[in-house]
Amino acid sequence: MCGIVAFKGNKEKTSEVIFEGLKLLEYRGYDSCGIGVIDNNEIKSFKWKGRVRKTEKRFIESKIKSPIAIGHTRWATHGEPNDVNSHPITSYNKKFAIVHNGIIENYRELKKILLEKGYEFYTETDTEVLVNFIELCVSNAKNIDKGISYALSKLEGAFGIVLIQRSNTDIMYAARKGSPLAFGRKGENFFIASDATPIIEYTKKIIYLDNGQLLKIDKTNFEVLDFELNKVPNKFQEVDVELQKVELGDFDSYMLKEIMEQPESLNQTMLGRIKNNKITLGGIHKYSKDLINTKRVIIIGCGTSWHAGLVAEYFLEKYLRVPVEVEYASEFRYRFPIINKGDIVFVISQSGETADTLEATRIAKKKGGILLGIVNTVGSSIARITDEGCYLHAGPEIGVASTKAFTSQLMLLLMIGAKTAYLKKNISIKKYEKMISELKRIPSKIEEVLELNNDIKKISKKIYKKNHALFLGRGNNFPVALEGALKLKEISYIHAEGYPAAEMKHGPIALIDSEMPVVAICTKSDEYDKMISNIREVGSRNAIVIGVIDKENEHVKDYLDFSILVPSTSKDFTPIINQIPLQLLAYHCAIFRGCDVDKPRNLAKSVTVE
Ligand code: G6P
């Protein structure tokens, strides 16, 4: 899943459009970066392993001014992240250059054809096969449009591409099948990008290419075609997205900034949605009756968003009394899922662009589900294709490891659950109002947890050299254990697993010794006593036991090596509070180990490939 920015227009603007745009798209991948331009009838590429700034510096030093450019920030799928495999990739006869997001699944078959025609390959990428195949098809067809059309019709997989031709600085093509592409025009300046953010600085009027569409830009105009070259109607839509330039302020990393911001981001999630101790959710109002009457709830998401869905499952089943299934989007989409008319499908996604979640949403929609988005990024693909939804309003999340989006996802799902339970008459008004009052207190309780930052740093110092860690939780804190383990492994590269505490006896207990830190979530819950037994089981096998406990149960300290004392809240809401110390623990371990917490190796903020 890579980021694409392409530009045709005023050559004085090229460098700014491409590089400022690529910086905004680094969330899609950042292992290498490149720009391709046409200069003196030649395609020239500047591309290196590393971040955008490096390529930008070298391009500016070259002093080249070109009216046409394609830019790319990569997240490797085929071929390791190195200079040669970076995009743009130029075709064998140097006639075309391409930037590509996605995966060409039939690249082996196409490569065989090309090898037979004498093509040679210099990279390990499927993209090189793609650009060579286009070159071959154009040469066979003796017509650029027909050649491209034929080539596109033979491709399997997902792609978003932008193509330039050596001999013509007036022409640029973009095509989409699966991987999103946005297009904007301001006079004679044309912009293409993987999402609208690099474009909205110049124009808020955007065309989002649909699957199977080809955009052709020529000297002064453009047209949108299908892959058979028939013209298709297109319409610019005004996007309501403001470019939020996010400053680091006094923080060393976005991750820490975003952890510390959570009292504020949670208040933003609630803002305008709690009035007179009642919850109002305009975004899903149209479907509130369906929510009350539904026989089944399905929740889909990936990564941290999937964990948020798991927490919601406990709450929704308890209070709505309907079965709730939480699905990995990637599994859901391929296993012939059963969706009945009237099923409510919550789609959880910070970015709103995750490829598997997007496709799962399409499938669920086709099958008659009511799709409700729980999304952070305004105007994103998932926000656009769901029937209705509520935005998180958590503000831009830049750190690759999700923190504030997770707690806002929980807040929103708990609000939806509480309101629906009340409307269903499953809880009394008294209970409903009590829930709301407690939800309102969460941000200030999180402030108290954040004050423990130094204590958590000291605990991290005791464990950061370990190679493994185990996170244990029960009930609605089992997903907290999963998310705690995910945070630690993704940013500090310490292998960590989250387990339901009782399941530990069926395997992981064999791993426990003094080299295995165990993080146990042991705040007030129905399974509290059982959790203490599990803590004692690992303690007696010499594990270093770190407990997240609350004020009502301070005596658990006796069984712990280190304790993190958090404010008490209702049992139903403990996951929001308990996650915070685990985020800080992961953060400090990663910093002690010298890791780049904002951009961990091999990861990307938004996974736009399968
Ligand atoms: C990537 C990110 C995670 C995120 C997951 C799902 O793996 O690194 O932080 O939880 O994708 O992303 P989404 O934007 O759909 O929530």
# chains A, B, ... in the order shown; residues from 1 in each chain; ligands from 1
>>> residues_around(residues="Gly157 of chain A", least_positions_apart="6", cutoff="9 Å", atoms="only C-alpha atoms", output="ChimeraX atom specification")
/A:102-106,177-178
>>> closest_atom_pairs(of="chain A", to="ligand 1", cutoff="7 Å", atoms="only C-alpha atoms and all ligand atoms", output="Markdown table")
| residue | atom | partner | partner_atom_place_in_ligand_line | distance |
| --- | --- | --- | --- | --- |
| A:Gly301 | CA | ligand 1 | 15 (O) | 6.1 |
| A:Cys302 | CA | ligand 1 | 6 (C) | 4.6 |
| A:Gly303 | CA | ligand 1 | 10 (O) | 4.0 |
| A:Thr304 | CA | ligand 1 | 10 (O) | 3.7 |
| A:Ser305 | CA | ligand 1 | 16 (O) | 4.8 |
| A:Ile348 | CA | ligand 1 | 16 (O) | 6.4 |
| A:Ser349 | CA | ligand 1 | 16 (O) | 3.5 |
| A:Gln350 | CA | ligand 1 | 16 (O) | 3.7 |
| A:Ser351 | CA | ligand 1 | 14 (O) | 3.5 |
| A:Gly352 | CA | ligand 1 | 14 (O) | 5.5 |
| A:Glu353 | CA | ligand 1 | 14 (O) | 6.2 |
| A:Thr354 | CA | ligand 1 | 15 (O) | 4.6 |
| A:Thr357 | CA | ligand 1 | 15 (O) | 6.5 |
| A:Val400 | CA | ligand 1 | 8 (O) | 5.0 |
| A:Ala401 | CA | ligand 1 | 9 (O) | 4.4 |
| A:Ser402 | CA | ligand 1 | 9 (O) | 4.2 |
| A:Leu603 | CA | ligand 1 | 8 (O) | 5.9 |
| A:Ala604 | CA | ligand 1 | 8 (O) | 5.2 |
| A:Lys605 | CA | ligand 1 | 8 (O) | 4.3 |
| A:Ser606 | CA | ligand 1 | 11 (O) | 5.1 |
| A:Val607 | CA | ligand 1 | 11 (O) | 5.4 |
>>> select_by_dssp(residues="segment 46-244 of chain A", states="helix (DSSP H, G or I)", output="PyMOL selection string")
chain A and resi 52-62+107-116+126-141+144-153+197-200
>>> closest_residue(among="A:Phe7, A:Trp75, A:Phe190, A:Tyr150", to="Glu26 of chain A", atoms="only C-alpha atoms")
A:Trp75
>>> closest_residue(among="A:Phe573, A:Tyr30, A:Phe236, A:Phe332", to="Ile442 of chain A", atoms="only C-alpha atoms")
A:Phe573
>>> residues_around(residues="segment 215-223 of chain A", least_positions_apart="2", cutoff="7 Å", atoms="only C-alpha atoms", output="number ranges by chain")
A: 170-175, 188, 213, 225
>>> atom_distance(atom1="atom CA of Ala394 of chain A", atom2="atom CA of Thr269 of chain A")
6.2 Å
>>> closest_residue(among="A:Ser444, A:Asp526, A:Ala481, A:Ile494", to="Gly547 of chain A", atoms="only C-alpha atoms")
A:Ala481
>>> closest_residue(among="A:Thr90, A:Asn454, A:Ser380, A:Ser253", to="Asp596 of chain A", atoms="only C-alpha atoms")
A:Ser253
>>> atom_distance(atom1="atom CA of Ala520 of chain A", atom2="atom CA of Tyr587 of chain A")
17.7 Å
